[in-house]
file input.txt (compact mmCIF, C-alpha atoms and all ligand atoms)
# COMPACT_ATOMS: atom_id res chain seq x y z
CA MET A 1 -42.63 83.87 -67.99
CA PHE A 2 -42.42 85.25 -71.53
CA LEU A 3 -38.69 85.98 -71.18
CA LYS A 4 -37.62 82.38 -70.49
CA GLY A 5 -34.48 81.63 -72.52
CA LYS A 6 -33.46 85.28 -72.75
CA ARG A 7 -30.37 86.68 -71.03
CA ALA A 8 -30.51 90.19 -69.58
CA VAL A 9 -27.63 92.40 -68.50
CA VAL A 10 -28.76 95.22 -66.22
CA THR A 11 -25.97 97.65 -65.40
CA GLY A 12 -26.04 99.12 -61.90
CA SER A 13 -28.48 96.52 -60.64
CA THR A 14 -27.35 96.19 -57.02
CA SER A 15 -29.56 99.11 -55.99
CA GLY A 16 -32.51 101.33 -56.86
CA ILE A 17 -34.07 101.25 -60.32
CA GLY A 18 -31.64 98.68 -61.75
CA LEU A 19 -32.42 96.20 -58.98
CA ALA A 20 -36.17 96.65 -59.53
CA ILE A 21 -35.67 96.01 -63.27
CA ALA A 22 -33.51 92.93 -62.61
CA ARG A 23 -36.21 91.53 -60.30
CA ALA A 24 -38.98 92.22 -62.83
CA LEU A 25 -37.10 90.63 -65.75
CA ARG A 26 -36.26 87.60 -63.59
CA HIS A 27 -39.93 87.34 -62.62
CA GLU A 28 -40.70 86.95 -66.34
CA GLY A 29 -38.14 84.16 -66.64
CA ALA A 30 -35.05 85.96 -67.97
CA GLU A 31 -31.62 84.91 -66.82
CA VAL A 32 -30.16 88.02 -65.22
CA VAL A 33 -26.59 89.27 -64.89
CA LEU A 34 -26.18 91.79 -62.08
CA SER A 35 -23.66 94.62 -62.14
CA GLY A 36 -22.73 97.31 -59.67
CA PHE A 37 -21.22 97.68 -56.23
CA GLY A 38 -22.36 97.07 -52.71
CA GLU A 39 -21.79 95.11 -49.53
CA ALA A 40 -20.57 91.58 -50.34
CA GLY A 41 -23.15 89.76 -48.18
CA GLU A 42 -26.04 91.75 -49.65
CA ILE A 43 -24.86 91.06 -53.22
CA ALA A 44 -24.52 87.34 -52.46
CA ARG A 45 -28.10 87.40 -51.13
CA LEU A 46 -29.32 89.11 -54.33
CA CYS A 47 -27.51 86.55 -56.49
CA ASP A 48 -29.27 83.77 -54.54
CA GLU A 49 -32.66 85.49 -54.74
CA LEU A 50 -32.43 86.09 -58.49
CA GLU A 51 -30.35 82.99 -59.35
CA ALA A 52 -28.11 85.54 -61.03
CA GLY A 53 -24.44 86.06 -61.70
CA HIS A 54 -22.76 89.29 -60.60
CA VAL A 55 -19.90 91.12 -62.31
CA PRO A 56 -18.44 93.86 -60.09
CA ALA A 57 -16.79 95.76 -62.97
CA ASP A 58 -16.19 99.53 -62.81
CA LEU A 59 -18.15 100.81 -65.79
CA THR A 60 -16.46 104.21 -65.78
CA ARG A 61 -13.58 102.32 -67.43
CA ARG A 62 -13.82 100.84 -70.94
CA GLU A 63 -12.01 97.69 -69.74
CA GLY A 64 -14.67 97.32 -67.04
CA VAL A 65 -17.48 97.40 -69.60
CA GLU A 66 -15.63 94.91 -71.77
CA ALA A 67 -15.12 92.60 -68.77
CA LEU A 68 -18.85 92.76 -67.93
CA MET A 69 -20.00 91.94 -71.45
CA ALA A 70 -17.42 89.16 -71.85
CA ALA A 71 -18.46 87.57 -68.54
CA ALA A 72 -22.17 87.92 -69.35
CA GLY A 73 -21.95 86.23 -72.76
CA PRO A 74 -24.58 86.61 -75.52
CA THR A 75 -27.04 89.26 -74.33
CA ASP A 76 -30.64 89.49 -75.53
CA ILE A 77 -31.80 92.31 -73.27
CA LEU A 78 -29.43 95.13 -72.41
CA VAL A 79 -30.50 97.64 -69.79
CA ASN A 80 -28.11 100.56 -69.46
CA ASN A 81 -29.03 101.85 -66.04
CA ALA A 82 -25.82 102.52 -64.08
CA GLY A 83 -25.53 106.21 -63.44
CA MET A 84 -24.22 108.80 -61.06
CA GLN A 85 -24.90 112.45 -60.37
CA HIS A 86 -22.97 115.46 -59.07
CA VAL A 87 -24.47 118.83 -58.26
CA ALA A 88 -22.28 121.95 -58.48
CA PRO A 89 -22.13 125.29 -60.31
CA VAL A 90 -20.35 124.98 -63.65
CA GLU A 91 -17.39 127.18 -62.67
CA THR A 92 -16.53 124.93 -59.73
CA PHE A 93 -17.75 121.65 -61.22
CA PRO A 94 -14.94 119.15 -60.48
CA VAL A 95 -13.50 118.08 -63.84
CA ALA A 96 -12.93 114.53 -62.56
CA LYS A 97 -16.68 114.29 -61.78
CA TRP A 98 -17.48 115.48 -65.32
CA ASP A 99 -15.27 112.75 -66.77
CA MET A 100 -16.77 110.02 -64.55
CA ILE A 101 -20.38 111.02 -65.19
CA ILE A 102 -19.90 111.14 -68.97
CA ALA A 103 -18.05 107.80 -68.83
CA LEU A 104 -20.67 105.99 -66.73
CA ASN A 105 -23.94 107.59 -67.90
CA LEU A 106 -23.07 107.81 -71.61
CA THR A 107 -19.88 106.13 -72.83
CA ALA A 108 -20.60 102.84 -71.02
CA ALA A 109 -23.95 102.59 -72.85
CA PHE A 110 -22.17 102.99 -76.19
CA ASP A 111 -19.69 100.26 -75.25
CA THR A 112 -22.25 97.76 -73.92
CA SER A 113 -24.38 98.36 -77.03
CA ARG A 114 -21.57 97.85 -79.54
CA LEU A 115 -20.65 94.61 -77.75
CA ALA A 116 -24.24 93.30 -77.43
CA VAL A 117 -25.53 94.17 -80.90
CA PRO A 118 -23.78 91.43 -82.94
CA HIS A 119 -25.57 88.65 -81.01
CA MET A 120 -28.90 90.50 -81.09
CA LYS A 121 -28.64 90.93 -84.86
CA ALA A 122 -27.69 87.28 -85.36
CA ALA A 123 -30.61 86.18 -83.15
CA GLY A 124 -33.03 88.51 -84.95
CA TRP A 125 -34.30 89.77 -81.58
CA GLY A 126 -33.02 92.16 -78.99
CA ARG A 127 -34.00 94.90 -76.61
CA ILE A 128 -31.84 97.86 -75.59
CA ILE A 129 -33.38 99.89 -72.79
CA ASN A 130 -31.55 102.99 -71.66
CA ILE A 131 -32.52 104.53 -68.37
CA ALA A 132 -32.20 108.21 -69.19
CA SER A 133 -34.06 110.87 -67.22
CA ALA A 134 -36.33 113.88 -67.54
CA HIS A 135 -32.90 115.51 -67.78
CA SER A 136 -32.52 113.91 -71.23
CA LEU A 137 -35.25 116.31 -72.38
CA THR A 138 -34.85 119.37 -70.18
CA ALA A 139 -32.13 120.92 -68.00
CA SER A 140 -31.69 122.07 -64.41
CA PRO A 141 -28.96 124.31 -63.04
CA TYR A 142 -25.89 122.77 -61.36
CA LYS A 143 -26.15 119.44 -63.23
CA ALA A 144 -23.96 120.16 -66.26
CA ALA A 145 -22.45 116.69 -66.65
CA TYR A 146 -25.63 114.74 -65.89
CA VAL A 147 -27.81 116.77 -68.26
CA ALA A 148 -25.19 116.58 -71.02
CA ALA A 149 -24.78 112.81 -70.56
CA LYS A 150 -28.52 112.10 -70.50
CA HIS A 151 -29.19 114.24 -73.60
CA GLY A 152 -26.37 112.27 -75.24
CA LEU A 153 -27.90 108.97 -74.15
CA ALA A 154 -31.21 109.96 -75.77
CA GLY A 155 -29.36 110.72 -79.01
CA LEU A 156 -27.46 107.43 -78.88
CA THR A 157 -30.76 105.60 -78.37
CA LYS A 158 -32.34 107.18 -81.46
CA THR A 159 -29.29 106.29 -83.55
CA LEU A 160 -29.34 102.66 -82.35
CA ALA A 161 -33.07 102.45 -83.15
CA LEU A 162 -32.49 103.54 -86.73
CA GLU A 163 -29.49 101.28 -87.28
CA LEU A 164 -31.30 98.23 -85.86
CA ALA A 165 -34.80 98.93 -87.16
CA THR A 166 -34.97 95.96 -89.52
CA ALA A 167 -33.03 93.57 -87.28
CA GLY A 168 -35.77 92.80 -84.74
CA VAL A 169 -33.91 94.89 -82.19
CA THR A 170 -35.48 97.91 -80.50
CA ALA A 171 -33.75 100.69 -78.58
CA ASN A 172 -35.64 103.00 -76.27
CA CYS A 173 -35.13 105.34 -73.34
CA ILE A 174 -37.18 105.38 -70.20
CA SER A 175 -36.98 108.85 -68.70
CA PRO A 176 -38.13 109.07 -65.11
CA GLY A 177 -38.55 112.22 -63.10
CA TYR A 178 -37.55 111.89 -59.46
CA VAL A 179 -37.57 108.28 -58.29
CA TRP A 180 -36.97 107.66 -54.59
CA THR A 181 -33.65 105.76 -54.62
CA PRO A 182 -30.21 106.12 -52.96
CA LEU A 183 -29.08 108.30 -55.93
CA VAL A 184 -31.71 110.89 -55.09
CA GLU A 185 -31.22 110.68 -51.36
CA ASN A 186 -27.46 111.16 -51.77
CA GLN A 187 -27.81 114.36 -53.79
CA ILE A 188 -29.82 116.12 -51.08
CA PRO A 189 -26.77 117.26 -49.03
CA ASP A 190 -25.00 118.73 -52.12
CA THR A 191 -28.18 120.49 -53.24
CA MET A 192 -28.66 121.86 -49.70
CA LYS A 193 -25.13 123.28 -49.93
CA ALA A 194 -25.39 124.58 -53.52
CA ARG A 195 -28.73 126.31 -52.85
CA ASN A 196 -28.37 127.03 -49.12
CA MET A 197 -31.62 125.22 -48.33
CA SER A 198 -32.96 122.79 -45.72
CA ARG A 199 -33.61 119.11 -46.52
CA GLU A 200 -37.40 119.61 -46.55
CA ASP A 201 -37.09 122.64 -48.83
CA VAL A 202 -34.87 120.70 -51.29
CA ILE A 203 -37.46 117.89 -51.50
CA ARG A 204 -40.42 120.27 -51.90
CA ASP A 205 -38.93 123.25 -53.76
CA VAL A 206 -36.23 121.61 -55.91
CA MET A 207 -37.06 117.96 -56.48
CA LEU A 208 -40.82 117.84 -56.64
CA VAL A 209 -41.31 121.46 -57.70
CA ARG A 210 -41.25 120.50 -61.39
CA GLN A 211 -43.05 117.17 -60.94
CA PRO A 212 -46.71 118.22 -61.26
CA THR A 213 -48.03 115.06 -59.58
CA LYS A 214 -45.98 116.03 -56.46
CA SER A 215 -45.08 112.41 -55.88
CA PHE A 216 -41.93 110.37 -56.48
CA VAL A 217 -41.93 107.71 -59.22
CA GLN A 218 -41.40 104.23 -57.75
CA PRO A 219 -38.58 101.94 -59.00
CA GLY A 220 -41.19 99.24 -59.70
CA ASP A 221 -43.02 101.60 -62.11
CA VAL A 222 -39.87 101.95 -64.20
CA ALA A 223 -39.34 98.18 -64.08
CA ALA A 224 -42.88 97.55 -65.35
CA MET A 225 -42.20 99.80 -68.34
CA ALA A 226 -38.94 97.95 -69.06
CA VAL A 227 -40.79 94.62 -69.03
CA PHE A 228 -43.44 96.01 -71.39
CA LEU A 229 -40.72 97.16 -73.83
CA CYS A 230 -39.56 93.52 -74.02
CA ARG A 231 -42.98 92.26 -75.12
CA ASP A 232 -43.81 91.47 -78.76
CA GLU A 233 -46.50 94.18 -78.61
CA ALA A 234 -43.64 96.68 -78.20
CA ALA A 235 -41.82 95.59 -81.37
CA ASN A 236 -42.72 98.87 -83.08
CA ILE A 237 -41.78 101.05 -80.15
CA THR A 238 -38.23 102.01 -81.04
CA GLY A 239 -36.28 105.25 -80.81
CA ALA A 240 -38.82 106.45 -78.23
CA ASN A 241 -38.15 108.37 -75.07
CA MET A 242 -40.78 107.15 -72.61
CA SER A 243 -41.33 109.86 -70.01
CA MET A 244 -42.36 108.75 -66.51
CA ASP A 245 -42.05 112.11 -64.83
CA GLY A 246 -45.44 113.02 -63.38
CA GLY A 247 -45.93 115.57 -66.16
CA TRP A 248 -42.60 117.42 -65.64
CA THR A 249 -41.65 117.60 -69.35
CA ALA A 250 -45.23 118.36 -70.41
CA GLU A 251 -44.83 121.89 -69.07
P1 LIG B 1 -28.61 104.14 -57.44
O1 LIG B 1 -27.52 105.02 -56.94
O2 LIG B 1 -29.62 103.61 -56.46
O3 LIG B 1 -27.98 102.89 -58.20
C1 LIG B 1 -26.91 103.08 -59.08
C2 LIG B 1 -26.35 101.73 -59.46
O4 LIG B 1 -25.22 101.94 -60.32
C3 LIG B 1 -25.85 100.90 -58.27
O5 LIG B 1 -26.08 99.53 -58.50
C4 LIG B 1 -24.35 101.20 -58.28
O6 LIG B 1 -23.58 100.19 -57.63
C5 LIG B 1 -24.10 101.24 -59.76
N1 LIG B 1 -22.87 101.95 -60.08
C6 LIG B 1 -22.47 103.16 -59.63
N2 LIG B 1 -21.26 103.46 -60.12
C7 LIG B 1 -20.90 102.41 -60.90
C8 LIG B 1 -19.74 102.11 -61.67
N3 LIG B 1 -18.69 102.97 -61.73
N4 LIG B 1 -19.70 100.94 -62.34
C9 LIG B 1 -20.74 100.05 -62.26
N5 LIG B 1 -21.84 100.29 -61.55
C10 LIG B 1 -21.91 101.45 -60.87
O7 LIG B 1 -29.29 104.93 -58.62
P2 LIG B 1 -30.80 104.95 -59.20
O8 LIG B 1 -31.50 106.12 -58.64
O9 LIG B 1 -31.41 103.61 -59.14
O10 LIG B 1 -30.48 105.35 -60.72
C11 LIG B 1 -30.37 104.41 -61.75
C12 LIG B 1 -30.43 105.14 -63.08
O11 LIG B 1 -31.66 105.85 -63.18
C13 LIG B 1 -29.32 106.17 -63.28
O12 LIG B 1 -28.85 106.14 -64.61
C14 LIG B 1 -30.03 107.48 -63.01
O13 LIG B 1 -29.43 108.56 -63.68
C15 LIG B 1 -31.40 107.18 -63.55
N6 LIG B 1 -32.44 108.06 -63.00
C16 LIG B 1 -32.68 108.09 -61.67
C17 LIG B 1 -33.66 108.94 -61.20
C18 LIG B 1 -33.99 109.03 -59.75
O14 LIG B 1 -34.73 109.94 -59.39
N7 LIG B 1 -33.51 108.13 -58.92
C19 LIG B 1 -34.36 109.76 -62.08
C20 LIG B 1 -34.07 109.71 -63.43
C21 LIG B 1 -33.11 108.85 -63.87
call {"tool": "encode", "arguments": {"input": "input.txt", "output": "structure tokens"}}
result
Amino acid sequence: MFLKGKRAVVTGSTSGIGLAIARALRHEGAEVVLSGFGEAGEIARLCDELEAGHVPADLTRREGVEALMAAAGPTDILVNNAGMQHVAPVETFPVAKWDMIIALNLTAAFDTSRLAVPHMKAAGWGRIINIASAHSLTASPYKAAYVAAKHGLAGLTKTLALELATAGVTANCISPGYVWTPLVENQIPDTMKARNMSREDVIRDVMLVRQPTKSFVQPGDVAAMAVFLCRDEAANITGANMSMDGGWTAE
């Protein structure tokens, strides 16, 4: 319970990786603030399970981010995890999707950070953990907005690390390859359409083709790394981009 007394905001924590991180931080004693959307009964059950508050703000809008951080209060651990994906060739990429993906996957992390940092600096301790992606280090076709946003998030992380280096605050990315979550499942139909492939072929020949271990990362693996980054032993890990991609970006 080494995180007792610490407050964690995990964006996009009603599902997938964010929920696994929220559970793991709670397990170590942190007070957790949930964010994201979902079915009301299921969210109420999660709030009970984690003894957590939930702020259903839309983080594609600056006012939404500001509402989340105001409701959460002083934040010791900030996990920027909320993200979305859209798969389409660049010439037909819907411009509204570009705007939303950049807003949620990149701009929201800037806004949560600028609002969380004053308390972290004053406390002399803080952790900013940005859930980027293998796509923060390498590209794939048909993912213009996602790849651009994740590369941007990696750059933002490095900048935060340098600015906060002497303040007891670290900033790092965790960059998973394919993790089996609703985000991945939901992009299968679009990828089938964009590449004219079957579901099985998309999983084997698109998703896992570049993941040398040929297995999906589990949400709990990412959560375990996030917990480690909160430990005192991780005080000198800052500005890093921790790959958890089965060797994808080693190629
Ligand atoms: P997911 O779709 O399961 O969960 C996304 C979460 O974000 C949900 O809680 C959802 O309600 C929330 N969310 C969506 N739009 C929002 C909005 N406008 N405002 C506030 N919250 C919103 O996704 P996931 O697979 O768990 O992905 C989480 C993060 O991990 C994302 O940033 C994603 O890019 C990254 N990632 C995922 C994978 C993967 O393979 N699943 C790989 C690399 C990186």
call {"tool": "atom_distance", "arguments": {"input": "input.txt", "atom1": "atom CA of A:Ile188", "atom2": "atom CA of A:Ile203"}}
result
7.9 Å
call {"tool": "residues_near_ligand", "arguments": {"input": "input.txt", "ligand": "ligand LIG 1 (chain B)", "cutoff": "7 Å", "atoms": "only C-alpha atoms and all ligand atoms", "output": "VMD selection string"}}
result
chain A and resid 11 to 18 35 to 38 56 to 60 81 to 85 104 to 105 131 to 134 175 to 184
call {"tool": "residues_around", "arguments": {"input": "input.txt", "residues": "stretch 21-28 of chain A", "least_positions_apart": "3", "cutoff": "9 Å", "atoms": "all atoms listed in the file", "output": "list of chain:residue names"}}
result
A:Met1, A:Phe2, A:Leu3, A:Lys4, A:Ala8, A:Val9, A:Val10, A:Ser13, A:Thr14, A:Gly16, A:Ile17, A:Gly18, A:Glu31, A:Val32, A:Val33, A:Leu34, A:Glu49, A:Leu50, A:Glu51, A:Ala52, A:Val79, A:Pro219, A:Gly220, A:Val222, A:Ala223, A:Ala224, A:Ala226, A:Val227
call {"tool": "closest_residue", "arguments": {"input": "input.txt", "among": "A:Val95, A:Leu19, A:Val209, A:Leu153", "to": "A:Ala171", "atoms": "all atoms listed in the file"}}
result
A:Leu153
call {"tool": "residues_around", "arguments": {"input": "input.txt", "residues": "A:Asn236", "least_positions_apart": "4", "cutoff": "9 Å", "atoms": "all atoms listed in the file", "output": "VMD selection string"}}
result
chain A and resid 165 170 232
call {"tool": "write_last_selection", "arguments": {"input": "input.txt", "atoms": "C-alpha atoms", "output": "mmCIF file, in the coordinates of the input"}}
result
data_model
loop_
_atom_site.group_PDB
_atom_site.id
_atom_site.type_symbol
_atom_site.label_atom_id
_atom_site.label_comp_id
_atom_site.auth_asym_id
_atom_site.auth_seq_id
_atom_site.Cartn_x
_atom_site.Cartn_y
_atom_site.Cartn_z
ATOM 1 C CA ALA A 165 -34.800 98.930 -87.160
ATOM 2 C CA THR A 170 -35.480 97.910 -80.500
ATOM 3 C CA ASP A 232 -43.810 91.470 -78.760
#
call {"tool": "axis_aligned_box", "arguments": {"input": "input.txt", "around": "stretch 215-224 of chain A", "padding_each_side": "6 Å", "output": "lines of an AutoDock Vina configuration file"}}
result
center_x = -41.8
center_y = 105.0
center_z = -60.6
size_x = 18.5
size_y = 26.9
size_z = 21.5
call {"tool": "atom_distance", "arguments": {"input": "input.txt", "atom1": "atom CA of A:Thr157", "atom2": "atom CA of A:Asp221"}}
result
20.8 Å
call {"tool": "closest_residue", "arguments": {"input": "input.txt", "among": "A:Gly126, A:Pro118, A:Pro74, A:Pro141", "to": "A:Glu91", "atoms": "all atoms listed in the file"}}
result
A:Pro141
call {"tool": "atom_distance", "arguments": {"input": "input.txt", "atom1": "atom CA of A:Ala71", "atom2": "atom CA of A:Val169"}}
result
21.9 Å
call {"tool": "residues_around", "arguments": {"input": "input.txt", "residues": "A:Tyr142", "least_positions_apart": "3", "cutoff": "10 Å", "atoms": "only C-alpha atoms", "output": "VMD selection string"}}
result
chain A and resid 86 to 93 139 145 to 147 191 194 to 195
call {"tool": "write_last_selection", "arguments": {"input": "input.txt", "atoms": "C-alpha atoms", "output": "PDB file, in the coordinates of the input"}}
result
ATOM      1  CA  HIS A  86     -22.970 115.460 -59.070  1.00  0.00           C
ATOM      2  CA  VAL A  87     -24.470 118.830 -58.260  1.00  0.00           C
ATOM      3  CA  ALA A  88     -22.280 121.950 -58.480  1.00  0.00           C
ATOM      4  CA  PRO A  89     -22.130 125.290 -60.310  1.00  0.00           C
ATOM      5  CA  VAL A  90     -20.350 124.980 -63.650  1.00  0.00           C
ATOM      6  CA  GLU A  91     -17.390 127.180 -62.670  1.00  0.00           C
ATOM      7  CA  THR A  92     -16.530 124.930 -59.730  1.00  0.00           C
ATOM      8  CA  PHE A  93     -17.750 121.650 -61.220  1.00  0.00           C
ATOM      9  CA  ALA A 139     -32.130 120.920 -68.000  1.00  0.00           C
ATOM     10  CA  ALA A 145     -22.450 116.690 -66.650  1.00  0.00           C
ATOM     11  CA  TYR A 146     -25.630 114.740 -65.890  1.00  0.00           C
ATOM     12  CA  VAL A 147     -27.810 116.770 -68.260  1.00  0.00           C
ATOM     13  CA  THR A 191     -28.180 120.490 -53.240  1.00  0.00           C
ATOM     14  CA  ALA A 194     -25.390 124.580 -53.520  1.00  0.00           C
ATOM     15  CA  ARG A 195     -28.730 126.310 -52.850  1.00  0.00           C
TER      16      ARG A 195
END
call {"tool": "residues_around", "arguments": {"input": "input.txt", "residues": "A:Gly168", "least_positions_apart": "3", "cutoff": "8 Å", "atoms": "all atoms listed in the file", "output": "count of residues only"}}
result
7
call {"tool": "closest_residue", "arguments": {"input": "input.txt", "among": "A:Asn130, A:Ser136, A:Arg204, A:Ser215", "to": "A:Ala161", "atoms": "all atoms listed in the file"}}
result
A:Asn130
